[in-house]
Every structure is written in structure tokens, then in C-alpha cells.
Amino acid sequence: MNDCESMKPLLMGMMDGELTPEQASAVTRHLDRCEACRREFEELRAACDPLRELVFREPDRERLARLWRTPFSRFTYHAGLLLVLVGWLVLVGYAAVAIAGDNKAELPVKLALAGIVVGFVILFANVLVQRLATWRQDPYKEVER
Ligand SMILES: [Zn+2]
């Protein structure tokens, strides 16, 4: 197809919207017929689009920003989780000691504290079992027998 050679310079112009209406319709007609040029046009567009989106389109700029933020947000997530967990453990431990040493502590308070501790142990065991299960399924680790 000799047409293809003459189309190539026009593909770029087509993407930039710089062709005359006649040229544009000629390119469109050719792309309808010719799969090779259609593919080339798609590749050209894929190569150029991220650049344009970065500059002109708000949603994609947001997407990029989110991408950059991800490692940081993951770190802050774990740091926050750790702080809450440690603070919570200290608080519960402190309350447990205080209540154990105080015979006048009300039953509901004791029950609430016991519930929190037992619930935490259950949750912790649950997570531990899940971690172990995924660890065993990990193809890079040796399978336990
Ligand atoms: Zn072609």
C-alpha cells in the first residue's frame, strides 16, 4: 500500500488537529481501511497522550499526584496505626492494673475491660492466622509440611 507512506506524516498532524478538512478526511478514510496505520496512529496517540494529560487535564494530574503520595501515605498509615495501638495497649494495661488493685471498681467497668482485652486477643489471633495462611501460600517461601 503506497498510501501508507503518504499517511505517516499526516498522522502526527491529525493528532494535533493541524490538518485541513480534506487531509483529515483522507486520513480518517485511510485509517478505516488500513489496520497497520490505525495501529500506528493508536501508538502515536498513546505516546503523546500522557504528556498532554499531565499538562492540560485535571483528573490525570490528580491521578499522578495520588501516585506520588502513595508511599508516604502508606508510611503515615502504619505510623498512625502503630501509635494508636501502642497508646491503646498502654491505656488498657494501665486501666487493668488500676482496676485489679481497686476492689471498689464497678463490675461493668471490669466487664468492659475484660471484653476489650479478650476482643483484642481474638482479633490478634485472627490476623495472625491469616498471616500464617498467606505465608504458607507464598510460592517464594518453603511450604510447610
Ligand atoms: Zn496504511
# chains A, B, ... in the order shown; residues from 1 in each chain; ligands from 1
$ residues_around --residues "Ala95 (chain A)" --least-positions-apart "3" --cutoff "12 Å" --atoms "only C-alpha atoms" --output "list of chain:residue names"
A:Trp88, A:Leu89, A:Val90, A:Leu91, A:Val92, A:Ala98, A:Ile99, A:Ala100, A:Gly101, A:Asp102, A:Ala105, A:Val109, A:Lys110, A:Ala112, A:Leu113, A:Ala114, A:Ile116, A:Val117
$ residues_near_ligand --ligand "ligand 1" --cutoff "9 Å" --atoms "only C-alpha atoms and all ligand atoms" --output "ChimeraX atom specification"
/A:1-8,30-31,33-38,40
$ write_last_selection --atoms "N, CA and C atoms" --output "mmCIF file, in the first residue's frame"
data_model
loop_
_atom_site.group_PDB
_atom_site.id
_atom_site.type_symbol
_atom_site.label_atom_id
_atom_site.label_comp_id
_atom_site.auth_asym_id
_atom_site.auth_seq_id
_atom_site.Cartn_x
_atom_site.Cartn_y
_atom_site.Cartn_z
ATOM 1 N N MET A 1 0.837 -1.212 0.000
ATOM 2 C CA MET A 1 0.000 0.000 0.000
ATOM 3 C C MET A 1 0.867 1.254 0.000
ATOM 4 N N ASN A 2 0.870 1.938 -1.088
ATOM 5 C CA ASN A 2 1.670 3.144 -1.191
ATOM 6 C C ASN A 2 1.043 4.281 -0.388
ATOM 7 N N ASP A 3 -0.259 4.198 -0.203
ATOM 8 C CA ASP A 3 -0.986 5.184 0.591
ATOM 9 C C ASP A 3 -0.334 5.384 1.959
ATOM 10 N N CYS A 4 0.099 4.285 2.550
ATOM 11 C CA CYS A 4 0.591 4.317 3.927
ATOM 12 C C CYS A 4 1.734 5.308 4.091
ATOM 13 N N GLU A 5 2.660 5.288 3.132
ATOM 14 C CA GLU A 5 3.816 6.185 3.234
ATOM 15 C C GLU A 5 3.385 7.647 3.270
ATOM 16 N N SER A 6 2.391 7.966 2.460
ATOM 17 C CA SER A 6 1.948 9.365 2.419
ATOM 18 C C SER A 6 1.119 9.717 3.652
ATOM 19 N N MET A 7 0.609 8.703 4.325
ATOM 20 C CA MET A 7 -0.214 8.974 5.512
ATOM 21 C C MET A 7 0.632 9.291 6.741
ATOM 22 N N LYS A 8 1.797 8.675 6.811
ATOM 23 C CA LYS A 8 2.580 8.777 8.046
ATOM 24 C C LYS A 8 2.818 10.209 8.516
ATOM 25 N N HIS A 30 -8.455 6.486 5.303
ATOM 26 C CA HIS A 30 -7.381 5.501 5.232
ATOM 27 C C HIS A 30 -7.321 4.667 6.516
ATOM 28 N N LEU A 31 -7.493 5.298 7.640
ATOM 29 C CA LEU A 31 -7.440 4.568 8.911
ATOM 30 C C LEU A 31 -8.566 3.550 8.995
ATOM 31 N N ARG A 33 -9.648 1.847 6.574
ATOM 32 C CA ARG A 33 -9.331 0.701 5.721
ATOM 33 C C ARG A 33 -8.095 -0.038 6.194
ATOM 34 N N CYS A 34 -7.134 0.702 6.773
ATOM 35 C CA CYS A 34 -5.789 0.147 6.936
ATOM 36 C C CYS A 34 -5.484 -0.090 8.413
ATOM 37 N N GLU A 35 -5.352 -1.351 8.766
ATOM 38 C CA GLU A 35 -5.142 -1.673 10.174
ATOM 39 C C GLU A 35 -3.752 -1.262 10.643
ATOM 40 N N ALA A 36 -2.762 -1.389 9.771
ATOM 41 C CA ALA A 36 -1.380 -1.063 10.150
ATOM 42 C C ALA A 36 -1.268 0.398 10.558
ATOM 43 N N CYS A 37 -1.878 1.276 9.751
ATOM 44 C CA CYS A 37 -1.812 2.700 10.065
ATOM 45 C C CYS A 37 -2.654 3.028 11.289
ATOM 46 N N ARG A 38 -3.769 2.318 11.444
ATOM 47 C CA ARG A 38 -4.620 2.555 12.605
ATOM 48 C C ARG A 38 -3.832 2.245 13.874
ATOM 49 N N GLU A 40 -0.580 2.239 14.177
ATOM 50 C CA GLU A 40 0.461 3.250 14.345
ATOM 51 C C GLU A 40 -0.118 4.527 14.947
#
$ atom_distance --atom1 "CA of Pro108 (chain A)" --atom2 "CA of Val121 (chain A)"
19.8 Å
$ atom_distance --atom1 "CA of Ala125 (chain A)" --atom2 "CA of Thr76 (chain A)"
24.6 Å
$ residues_around --residues "region 11-14 of chain A" --least-positions-apart "2" --cutoff "8 Å" --atoms "only C-alpha atoms" --output "PyMOL selection string"
chain A and resi 7-9+16-19+24+27+41+44
$ write_last_selection --atoms "N, CA and C atoms" --output "PDB file, in the first residue's frame"
ATOM      1  N   MET A   7       0.609   8.703   4.325  1.00  0.00           N
ATOM      2  CA  MET A   7      -0.214   8.974   5.512  1.00  0.00           C
ATOM      3  C   MET A   7       0.632   9.291   6.741  1.00  0.00           C
ATOM      4  N   LYS A   8       1.797   8.675   6.811  1.00  0.00           N
ATOM      5  CA  LYS A   8       2.580   8.777   8.046  1.00  0.00           C
ATOM      6  C   LYS A   8       2.818  10.209   8.516  1.00  0.00           C
ATOM      7  N   PRO A   9       3.245  11.107   7.596  1.00  0.00           N
ATOM      8  CA  PRO A   9       3.454  12.484   8.085  1.00  0.00           C
ATOM      9  C   PRO A   9       2.154  13.131   8.551  1.00  0.00           C
ATOM     10  N   ASP A  16      -2.605  16.507  16.244  1.00  0.00           N
ATOM     11  CA  ASP A  16      -2.527  17.883  16.728  1.00  0.00           C
ATOM     12  C   ASP A  16      -3.649  18.747  16.186  1.00  0.00           C
ATOM     13  N   GLY A  17      -4.492  18.159  15.326  1.00  0.00           N
ATOM     14  CA  GLY A  17      -5.602  18.905  14.751  1.00  0.00           C
ATOM     15  C   GLY A  17      -5.140  19.979  13.798  1.00  0.00           C
ATOM     16  N   GLU A  18      -4.042  19.717  13.085  1.00  0.00           N
ATOM     17  CA  GLU A  18      -3.469  20.735  12.214  1.00  0.00           C
ATOM     18  C   GLU A  18      -3.739  20.480  10.741  1.00  0.00           C
ATOM     19  N   LEU A  19      -4.537  19.461  10.454  1.00  0.00           N
ATOM     20  CA  LEU A  19      -4.773  19.145   9.037  1.00  0.00           C
ATOM     21  C   LEU A  19      -5.939  19.962   8.498  1.00  0.00           C
ATOM     22  N   ALA A  24      -7.757  15.668   6.706  1.00  0.00           N
ATOM     23  CA  ALA A  24      -8.281  14.910   7.842  1.00  0.00           C
ATOM     24  C   ALA A  24      -9.207  13.797   7.369  1.00  0.00           C
ATOM     25  N   VAL A  27      -7.201  11.013   5.854  1.00  0.00           N
ATOM     26  CA  VAL A  27      -6.564  10.186   6.882  1.00  0.00           C
ATOM     27  C   VAL A  27      -7.607   9.273   7.529  1.00  0.00           C
ATOM     28  N   PHE A  41      -1.309   4.872  14.478  1.00  0.00           N
ATOM     29  CA  PHE A  41      -1.962   6.073  14.995  1.00  0.00           C
ATOM     30  C   PHE A  41      -2.277   5.920  16.485  1.00  0.00           C
ATOM     31  N   LEU A  44       0.911   6.224  18.442  1.00  0.00           N
ATOM     32  CA  LEU A  44       1.309   7.630  18.471  1.00  0.00           C
ATOM     33  C   LEU A  44       0.493   8.385  19.511  1.00  0.00           C
TER      34      LEU A  44
END
$ atom_distance --atom1 "CA of Ala96 (chain A)" --atom2 "CA of Val118 (chain A)"
12.5 Å
